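Undergrad: Let me give you the structure first, and then I'll get to my questions.
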Amino acid sequence: MKTTDVIVVGGGAAGLTAAAYIAREGHSVMVFEKDQAFGGLLGSFDLYGHRVDKGARGIIDSGIVFPMLKQLGLSVDFKPNPIRIQIADQRIDLNSEHGLDDYQAMLIRLFPADKDAIDRIMIDIRTVMKQMDVIYGIENPLFLPKPYDMNYVTKTLLPWMGKFIINIRRAMRRMEPIELYLKKMTSNQALIDMIAQHFFAQTPAFFALSYFTLYQMYHYPKGGTQTLIDALLSVIRQHGGELRNGCEVKSINPQDKTLVTCDGETVQYQQLIWAGDTNTFYGSLDLSTLNEEALKSKVLRRQAELKAMRGADSILTLYVIVNQDSTTFASTSGPHAFYTPKLTGLSAYPLSSLKDDQGNWTTDKDRLLGYVDAIVEANTFEISIPSLRDPSLSPKGETALILSTLFDFGLTEHIAKIGLLPVFKTRITAKFLSVLEELWPGLHASVKHTNLATPLTIKSRTNAHEGSVTGWSFANKPFPVETQFLRVSQSVKTPIPSIKQAGQWTFNPAGVPVAIMTGKLAADAVLKDLPRRKK
């Protein structure tokens with residue numbers, strides 16, 4: 001039987017961060033990743049000679065990513081990642097503090113009758129941005145060497161902590177869903193949609209409003225987002241860590257601290273970090289091996305609680321390869337943009353319109369495809385053009401466009417169950433190109449290749465519950481994981497002391513910084529429970 005100090009299940013940003021810190025401390029570590037590629041929903045892959053990103057289109061530092069790289073001795077070259085927002089025929093850039101004034105003016109041009117409401121919303125946005133400046137005002141102390149220098153503690157850390165606690169408490173006053181918050185400001189549903197449909201359903205107002213700060217924190221790694229994953233992999237390999245890709249964990253015996261791999265191999269561990277889908281984790285536990293009835297009951301309750309929870313929104317992504325140079329798109333979308341073609345808004349097309357009184361989906365092909373057409377036209381597209389940040393990512397004279405929208409997993413699953421998935425893929429690809437032809441005239445004629453990833457793609461690659469790209473839906477009451485920022489260290493605990501978790505939501509809707517932070521916290525918790533070893 002093979003033995004190791006630590007097993008990490010899940011090779012995304014959270015799992016790789018945890019493994020890198022554990023390996024660096026001299027402990028043996030094995031990482032198991034279900035997918036053929038490491039990175040989870042972060043990273044890049046090659047498509048028709050282009051380097052394109054799988055999930056995150058850019059990296060937000062949040063005082064976490066850069067300090068983590070520095071602490072691990074990694075050097076990653078980041079390129080500028082300016083953000084553009086376009087609604088109908090109006091567009092503004094958010095790459096400076098003046099961008100917010102431009103955004104306000106754009107909304108007023110689009111909704112002149114709602115000027116007073118827009119002014120009130122913008123006051124709150126600016127207030128939240130000031131709070132965010134304090135919250136992310138210093139490099140996260142979690143990624144600084146310990147013990148801290150006393151000069152740093154007295155002159156930087158302690159003054160910041162006081163301001164942090166005050167501002168985080170103020171921020172918590174705006175935890176109602178962004179949709180409800182905006183309805184207090186205006187009755188214009190189209191205006192509400194233009195702001196709210198950028199975010200996952202029922203995102204807390206504080207986080208949604210604060211995103212105007214985060215838009216200015218985006219960076220893009222030279223070589224694509226895979227560069228960040230490769231950097232973490234290099235640390236693990238350098239310190240003797242073992243990496244197993246294309247290998248799904250079959251079962252975990254928490255009593256004997258053993259794990260059975262995809263090929264039937266049994267591995268014994270001292271500590272395990274689960275950095276994958278949470279429901280999959282509880283489904284992998286062999287509870288018959290637990291001797292403590294109280295612990296078994298606690299795990300069973302947790303298992304039942306999570307099965308009833310909803311996943312967050314999923315995403316549909318179309319990759320388009322065109323025979324035009326990337327500079328063709330520089331003046332319209334730029335390298336990273338959010339484009340809403342119409343002022344109609346998604347609220348005009350509720351999912352309930354496709355269900356009967358018992359909640360059953362319609363099987364009418366025309367109704368389903370007609371609905372898909374309508375929501376594509378009303379949706380908000382995230383547009384990413386990697387070669388506008390790094391020209392080496394596409395061959396000369398060609399460009400890879402990455403086009404994404406939020407899309408319902410349940411609807412996609414239903415379409416697949418009734419045999420319409422091939423028709424759906426063809427239809428929605430054509431509709432994407434038709435809508436974006438308005439932004440880029442002549443686009444359709446220049447298309448060489450297309451590749452569509454649906455919410456089912458995310459589910460099959462990562463086991464993510466309901467194809468979620470970040471975790472749990474904010475619609476869950478109560479929320480299934482820790483959300484209080486001051487209790488973030490508790491987010492890595494599971495009912496089983498020898499098993500920690502990473503990648504869970506804490507305080508805000510996930511993303512790369514939170515994945516990295518929880519990975520580091522899980523590593524710290526494991527290192528505390530392991531015997532100290534010489535490096």
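Chain labels run A, B, ... following the order of the structure tokens; each chain numbers its residues from 1, and ligands are numbered from 1 in the order shown.
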Within 9 Å of A:Pro395, counting only C-alpha atoms, which residues qualify if same-chain residues fewer than 6 places away don't, as a VMD selection string?
TA: chain A and resid 49 to 50 325
Undergrad: As a ChimeraX atom specification, please: all residues of stretch 36-188 of chain A that backbone DSSP puts in helix (DSSP H, G or I).
TA: /A:65-71,98-110,112-135,141-143,150-174,178-185
Undergrad: Using only C-alpha atoms, which residues of stretch 26-94 of chain A come within 12 Å of stretch 458-463 of chain A, and what is the closest atom pair for each, with the distance in Å to one decimal? Give it as JSON lines, sorted by chain and residue number.
TA:
```
{"residue": "A:Glu33", "atom": "CA", "partner": "A:Thr462", "partner_atom": "CA", "distance": 9.0}
{"residue": "A:Lys34", "atom": "CA", "partner": "A:Thr462", "partner_atom": "CA", "distance": 7.0}
{"residue": "A:Asp35", "atom": "CA", "partner": "A:Arg461", "partner_atom": "CA", "distance": 5.8}
{"residue": "A:Gln36", "atom": "CA", "partner": "A:Arg461", "partner_atom": "CA", "distance": 8.8}
{"residue": "A:Ala37", "atom": "CA", "partner": "A:Arg461", "partner_atom": "CA", "distance": 9.6}
{"residue": "A:Phe38", "atom": "CA", "partner": "A:Thr462", "partner_atom": "CA", "distance": 10.7}
{"residue": "A:Gly39", "atom": "CA", "partner": "A:Thr462", "partner_atom": "CA", "distance": 10.2}
{"residue": "A:Gly40", "atom": "CA", "partner": "A:Thr462", "partner_atom": "CA", "distance": 6.7}
{"residue": "A:Leu41", "atom": "CA", "partner": "A:Thr462", "partner_atom": "CA", "distance": 8.1}
{"residue": "A:Leu42", "atom": "CA", "partner": "A:Thr462", "partner_atom": "CA", "distance": 11.5}
{"residue": "A:Lys54", "atom": "CA", "partner": "A:Ile458", "partner_atom": "CA", "distance": 9.9}
{"residue": "A:Gly55", "atom": "CA", "partner": "A:Ile458", "partner_atom": "CA", "distance": 9.7}
```
Undergrad: Write the residues you've just listed into a file as a compact mmCIF listing (two decimals), in the first residue's frame, and include C-alpha atoms for each of them.
TA:
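Output file part-v8.txt follows:
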```txt
# COMPACT_ATOMS: atom_id res chain seq x y z
CA GLU A 33 -7.31 15.56 -10.45
CA LYS A 34 -10.32 14.10 -12.28
CA ASP A 35 -9.68 16.05 -15.48
CA GLN A 36 -6.79 15.41 -17.86
CA ALA A 37 -5.56 18.95 -17.26
CA PHE A 38 -4.78 20.60 -13.94
CA GLY A 39 -6.32 23.95 -13.09
CA GLY A 40 -10.03 23.18 -12.79
CA LEU A 41 -11.79 26.20 -14.28
CA LEU A 42 -8.60 28.25 -14.24
CA LYS A 54 -10.98 27.76 -19.78
CA GLY A 55 -12.69 29.76 -17.08
```
Undergrad: Excluding A:Ile428 and residues on its chain fewer than 6 positions from it, collect all residues at most 8 Å away from it, counting only C-alpha atoms, and give them as a list in words.
TA: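 Using only C-alpha atoms, the neighbours found are Val372, Asp373 and Val376 of chain A.
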Undergrad: Would you kindly return, as a list in words, each protein, DNA or RNA residue with an atom no farther than 10 Å from any atom of A:Thr363, considering only C-alpha atoms and excluding same-chain residues fewer than 6 positions away?
TA: Leu354, Lys355, His414, Ile415, Lys417, Ile418 and Leu420 of chain A
Undergrad: Dump all heavy atoms for the selected residues as a PDB file, in the first residue's frame?
TA:
```pdb
ATOM      1  N   LEU A 354     -41.300  28.374 -19.149  1.00  0.00           N
ATOM      2  CA  LEU A 354     -41.082  27.091 -19.828  1.00  0.00           C
ATOM      3  C   LEU A 354     -41.579  25.913 -18.998  1.00  0.00           C
ATOM      4  O   LEU A 354     -41.353  24.761 -19.352  1.00  0.00           O
ATOM      5  CB  LEU A 354     -39.591  26.900 -20.127  1.00  0.00           C
ATOM      6  CG  LEU A 354     -38.965  27.858 -21.142  1.00  0.00           C
ATOM      7  CD1 LEU A 354     -37.477  27.560 -21.295  1.00  0.00           C
ATOM      8  CD2 LEU A 354     -39.661  27.765 -22.494  1.00  0.00           C
ATOM      9  N   LYS A 355     -42.260  26.203 -17.870  1.00  0.00           N
ATOM     10  CA  LYS A 355     -42.711  25.132 -16.986  1.00  0.00           C
ATOM     11  C   LYS A 355     -44.227  25.203 -16.783  1.00  0.00           C
ATOM     12  O   LYS A 355     -44.826  26.275 -16.888  1.00  0.00           O
ATOM     13  CB  LYS A 355     -41.999  25.235 -15.629  1.00  0.00           C
ATOM     14  CG  LYS A 355     -40.484  25.069 -15.711  1.00  0.00           C
ATOM     15  CD  LYS A 355     -39.845  25.188 -14.331  1.00  0.00           C
ATOM     16  CE  LYS A 355     -38.339  25.015 -14.414  1.00  0.00           C
ATOM     17  NZ  LYS A 355     -37.693  25.109 -13.076  1.00  0.00           N
ATOM     18  N   HIS A 414     -32.264  19.556 -19.257  1.00  0.00           N
ATOM     19  CA  HIS A 414     -33.555  19.134 -19.816  1.00  0.00           C
ATOM     20  C   HIS A 414     -33.473  19.001 -21.335  1.00  0.00           C
ATOM     21  O   HIS A 414     -33.969  18.020 -21.905  1.00  0.00           O
ATOM     22  CB  HIS A 414     -34.630  20.151 -19.440  1.00  0.00           C
ATOM     23  CG  HIS A 414     -35.932  19.932 -20.137  1.00  0.00           C
ATOM     24  ND1 HIS A 414     -36.728  18.823 -19.932  1.00  0.00           N
ATOM     25  CD2 HIS A 414     -36.578  20.695 -21.087  1.00  0.00           C
ATOM     26  CE1 HIS A 414     -37.805  18.891 -20.703  1.00  0.00           C
ATOM     27  NE2 HIS A 414     -37.738  20.015 -21.408  1.00  0.00           N
ATOM     28  N   ILE A 415     -32.857  19.975 -21.989  1.00  0.00           N
ATOM     29  CA  ILE A 415     -32.716  19.931 -23.447  1.00  0.00           C
ATOM     30  C   ILE A 415     -31.962  18.674 -23.875  1.00  0.00           C
ATOM     31  O   ILE A 415     -32.304  18.016 -24.865  1.00  0.00           O
ATOM     32  CB  ILE A 415     -32.001  21.209 -23.944  1.00  0.00           C
ATOM     33  CG1 ILE A 415     -32.962  22.408 -23.837  1.00  0.00           C
ATOM     34  CG2 ILE A 415     -31.492  21.050 -25.367  1.00  0.00           C
ATOM     35  CD1 ILE A 415     -32.310  23.748 -24.097  1.00  0.00           C
ATOM     36  N   LYS A 417     -31.796  15.826 -22.131  1.00  0.00           N
ATOM     37  CA  LYS A 417     -32.595  14.641 -21.811  1.00  0.00           C
ATOM     38  C   LYS A 417     -33.626  14.336 -22.877  1.00  0.00           C
ATOM     39  O   LYS A 417     -33.973  13.168 -23.108  1.00  0.00           O
ATOM     40  CB  LYS A 417     -33.276  14.832 -20.453  1.00  0.00           C
ATOM     41  CG  LYS A 417     -32.348  14.623 -19.266  1.00  0.00           C
ATOM     42  CD  LYS A 417     -33.095  14.799 -17.948  1.00  0.00           C
ATOM     43  CE  LYS A 417     -32.173  14.546 -16.762  1.00  0.00           C
ATOM     44  NZ  LYS A 417     -32.868  14.755 -15.459  1.00  0.00           N
ATOM     45  N   ILE A 418     -34.151  15.365 -23.542  1.00  0.00           N
ATOM     46  CA  ILE A 418     -35.174  15.116 -24.571  1.00  0.00           C
ATOM     47  C   ILE A 418     -34.558  15.038 -25.971  1.00  0.00           C
ATOM     48  O   ILE A 418     -35.270  15.074 -26.978  1.00  0.00           O
ATOM     49  CB  ILE A 418     -36.289  16.173 -24.524  1.00  0.00           C
ATOM     50  CG1 ILE A 418     -35.751  17.576 -24.807  1.00  0.00           C
ATOM     51  CG2 ILE A 418     -37.005  16.132 -23.187  1.00  0.00           C
ATOM     52  CD1 ILE A 418     -36.851  18.634 -24.903  1.00  0.00           C
ATOM     53  N   LEU A 420     -32.416  17.090 -27.609  1.00  0.00           N
ATOM     54  CA  LEU A 420     -32.277  18.297 -28.428  1.00  0.00           C
ATOM     55  C   LEU A 420     -30.907  18.967 -28.311  1.00  0.00           C
ATOM     56  O   LEU A 420     -30.715  20.057 -28.861  1.00  0.00           O
ATOM     57  CB  LEU A 420     -33.355  19.325 -28.048  1.00  0.00           C
ATOM     58  CG  LEU A 420     -34.786  19.036 -28.502  1.00  0.00           C
ATOM     59  CD1 LEU A 420     -35.716  20.148 -28.031  1.00  0.00           C
ATOM     60  CD2 LEU A 420     -34.856  18.893 -30.024  1.00  0.00           C
TER      61      LEU A 420
END
```
Undergrad: A:Asn323: which residues within 10 Å, counting only C-alpha atoms, same-chain residues fewer than 5 positions away excluded, as a PyMOL selection string?
TA: chain A and resi 395-400+443+445-449
Undergrad: Tell me, as a list in words, which residues lie within 12 Å of A:Val488, counting only C-alpha atoms; anything in the same chain fewer than 5 positions away does not count.
TA: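 My reading of the contact set: Leu142, Val481, Glu482, Thr483, Lys493, Ala502, Gly503, Gln504, Trp505, Thr506, Phe507, Asn508, Val514, Ala515, Met517, Thr518, Gly519, Lys520, Leu521 and Ala522 of chain A.
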Undergrad: The selected residues should be written to file as a PDB file, in the first residue's frame (atoms: N, CA, C and O atoms).
TA:
```pdb
ATOM      1  N   LEU A 142      -1.899  36.796   5.526  1.00  0.00           N
ATOM      2  CA  LEU A 142      -1.789  35.341   5.442  1.00  0.00           C
ATOM      3  C   LEU A 142      -0.587  34.908   4.608  1.00  0.00           C
ATOM      4  O   LEU A 142      -0.032  33.826   4.818  1.00  0.00           O
ATOM      5  N   VAL A 481     -22.134  27.161   3.523  1.00  0.00           N
ATOM      6  CA  VAL A 481     -20.762  27.242   4.015  1.00  0.00           C
ATOM      7  C   VAL A 481     -20.541  28.572   4.728  1.00  0.00           C
ATOM      8  O   VAL A 481     -21.400  29.449   4.710  1.00  0.00           O
ATOM      9  N   GLU A 482     -19.402  28.716   5.338  1.00  0.00           N
ATOM     10  CA  GLU A 482     -19.083  29.908   6.106  1.00  0.00           C
ATOM     11  C   GLU A 482     -19.083  31.147   5.215  1.00  0.00           C
ATOM     12  O   GLU A 482     -18.501  31.153   4.134  1.00  0.00           O
ATOM     13  N   THR A 483     -19.742  32.213   5.671  1.00  0.00           N
ATOM     14  CA  THR A 483     -19.795  33.449   4.891  1.00  0.00           C
ATOM     15  C   THR A 483     -19.251  34.658   5.646  1.00  0.00           C
ATOM     16  O   THR A 483     -19.118  35.725   5.064  1.00  0.00           O
ATOM     17  N   LYS A 493     -12.802  23.593   7.635  1.00  0.00           N
ATOM     18  CA  LYS A 493     -13.099  22.448   8.486  1.00  0.00           C
ATOM     19  C   LYS A 493     -14.215  21.578   7.904  1.00  0.00           C
ATOM     20  O   LYS A 493     -15.145  22.075   7.272  1.00  0.00           O
ATOM     21  N   ALA A 502     -11.015  22.958   0.797  1.00  0.00           N
ATOM     22  CA  ALA A 502     -10.541  24.228   0.224  1.00  0.00           C
ATOM     23  C   ALA A 502     -11.401  24.556  -0.978  1.00  0.00           C
ATOM     24  O   ALA A 502     -11.963  23.676  -1.628  1.00  0.00           O
ATOM     25  N   GLY A 503     -11.500  25.854  -1.263  1.00  0.00           N
ATOM     26  CA  GLY A 503     -12.271  26.281  -2.423  1.00  0.00           C
ATOM     27  C   GLY A 503     -13.712  26.601  -2.105  1.00  0.00           C
ATOM     28  O   GLY A 503     -14.499  26.886  -3.012  1.00  0.00           O
ATOM     29  N   GLN A 504     -14.096  26.551  -0.836  1.00  0.00           N
ATOM     30  CA  GLN A 504     -15.467  26.883  -0.456  1.00  0.00           C
ATOM     31  C   GLN A 504     -15.658  28.395  -0.420  1.00  0.00           C
ATOM     32  O   GLN A 504     -14.720  29.157  -0.172  1.00  0.00           O
ATOM     33  N   TRP A 505     -16.881  28.832  -0.655  1.00  0.00           N
ATOM     34  CA  TRP A 505     -17.187  30.257  -0.579  1.00  0.00           C
ATOM     35  C   TRP A 505     -16.954  30.793   0.819  1.00  0.00           C
ATOM     36  O   TRP A 505     -17.317  30.167   1.802  1.00  0.00           O
ATOM     37  N   THR A 506     -16.374  31.940   0.915  1.00  0.00           N
ATOM     38  CA  THR A 506     -16.290  32.650   2.179  1.00  0.00           C
ATOM     39  C   THR A 506     -16.425  34.136   1.878  1.00  0.00           C
ATOM     40  O   THR A 506     -15.596  34.713   1.185  1.00  0.00           O
ATOM     41  N   PHE A 507     -17.476  34.735   2.356  1.00  0.00           N
ATOM     42  CA  PHE A 507     -17.722  36.170   2.266  1.00  0.00           C
ATOM     43  C   PHE A 507     -18.160  36.634   0.888  1.00  0.00           C
ATOM     44  O   PHE A 507     -19.106  37.375   0.762  1.00  0.00           O
ATOM     45  N   ASN A 508     -17.461  36.262  -0.175  1.00  0.00           N
ATOM     46  CA  ASN A 508     -17.867  36.748  -1.498  1.00  0.00           C
ATOM     47  C   ASN A 508     -17.934  35.604  -2.499  1.00  0.00           C
ATOM     48  O   ASN A 508     -17.503  34.497  -2.200  1.00  0.00           O
ATOM     49  N   VAL A 514     -10.181  33.932  -3.669  1.00  0.00           N
ATOM     50  CA  VAL A 514     -10.758  33.156  -2.574  1.00  0.00           C
ATOM     51  C   VAL A 514     -10.300  31.702  -2.645  1.00  0.00           C
ATOM     52  O   VAL A 514     -10.033  31.071  -1.623  1.00  0.00           O
ATOM     53  N   ALA A 515     -10.191  31.154  -3.855  1.00  0.00           N
ATOM     54  CA  ALA A 515      -9.682  29.792  -4.004  1.00  0.00           C
ATOM     55  C   ALA A 515      -8.270  29.686  -3.438  1.00  0.00           C
ATOM     56  O   ALA A 515      -7.944  28.750  -2.699  1.00  0.00           O
ATOM     57  N   MET A 517      -6.817  31.752  -1.263  1.00  0.00           N
ATOM     58  CA  MET A 517      -6.815  31.998   0.173  1.00  0.00           C
ATOM     59  C   MET A 517      -7.255  30.760   0.954  1.00  0.00           C
ATOM     60  O   MET A 517      -6.622  30.390   1.949  1.00  0.00           O
ATOM     61  N   THR A 518      -8.328  30.093   0.516  1.00  0.00           N
ATOM     62  CA  THR A 518      -8.788  28.910   1.229  1.00  0.00           C
ATOM     63  C   THR A 518      -7.815  27.747   1.059  1.00  0.00           C
ATOM     64  O   THR A 518      -7.692  26.903   1.952  1.00  0.00           O
ATOM     65  N   GLY A 519      -7.116  27.700  -0.077  1.00  0.00           N
ATOM     66  CA  GLY A 519      -6.078  26.692  -0.249  1.00  0.00           C
ATOM     67  C   GLY A 519      -4.951  26.877   0.757  1.00  0.00           C
ATOM     68  O   GLY A 519      -4.459  25.914   1.351  1.00  0.00           O
ATOM     69  N   LYS A 520      -4.547  28.129   0.956  1.00  0.00           N
ATOM     70  CA  LYS A 520      -3.491  28.426   1.938  1.00  0.00           C
ATOM     71  C   LYS A 520      -3.971  28.122   3.352  1.00  0.00           C
ATOM     72  O   LYS A 520      -3.236  27.560   4.180  1.00  0.00           O
ATOM     73  N   LEU A 521      -5.214  28.479   3.669  1.00  0.00           N
ATOM     74  CA  LEU A 521      -5.756  28.203   4.998  1.00  0.00           C
ATOM     75  C   LEU A 521      -5.844  26.700   5.265  1.00  0.00           C
ATOM     76  O   LEU A 521      -5.556  26.235   6.373  1.00  0.00           O
ATOM     77  N   ALA A 522      -6.243  25.930   4.253  1.00  0.00           N
ATOM     78  CA  ALA A 522      -6.299  24.475   4.408  1.00  0.00           C
ATOM     79  C   ALA A 522      -4.897  23.912   4.625  1.00  0.00           C
ATOM     80  O   ALA A 522      -4.701  23.015   5.463  1.00  0.00           O
TER      81      ALA A 522
END
```
Undergrad: Which residue, A:Gly224, A:Pro82, A:Pro495, A:Gly511, has the smallest gap to A:Val52 when you use only C-alpha atoms?
TA: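 Under the stated criterion, the closest residue is A:Gly224.
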Undergrad: Go through A:Phe207, A:Phe281, A:Tyr269, A:Tyr152 and flag the residue nearest A:Val31, using only C-alpha atoms for the distances.
TA: A:Tyr269
Undergrad: Need the shell around stretch 299-313 of chain A: protein/DNA/RNA residues with any atom at most 7 Å away, counting only C-alpha atoms. Skip same-chain ones fewer than 3 positions apart. Format as a PyMOL selection string?
TA: chain A and resi 200+279+282+295-296+406-408+465-466+468+470-473+476+480+495
Undergrad: Would you mind reading off the distance between atom CA of A:Leu316 and atom CA of A:Gly345, one decimal, in Å?
TA: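 Between these atoms lies a distance of 17.8 Å.
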Undergrad: Would you mind telling me which residue in A:Gln501, A:Thr4, A:Thr261, A:Ser234 lies nearest to A:Cys247 when using only C-alpha atoms?
TA: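 Looking only at the distances to A:Cys247, the closest residue turns out to be A:Thr261.
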Undergrad: Pick the closest to A:Ser210 from A:Ile59, A:Met132, A:Met161, A:Leu94: which is it, counting only C-alpha atoms?
TA: A:Met132
Undergrad: What does the structure give for the distance between atom CA of A:Phe409 and atom CA of A:Pro455, in Å to one decimal?
TA: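 Separating atom CA of A:Phe409 from atom CA of A:Pro455 is a distance of 5.5 Å.
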Undergrad: Which residue gives the smallest distance to A:Val469 among A:Pro341, A:Gly276, A:Gly419, A:Gly26, with only C-alpha atoms counted?
TA: A:Gly276
Undergrad: Which residue gives the smallest distance to A:Asp114 among A:Ile138, A:Met185, A:Ile252, A:Leu69, with only C-alpha atoms counted?
TA: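 Under the stated criterion, the closest residue is A:Met185.
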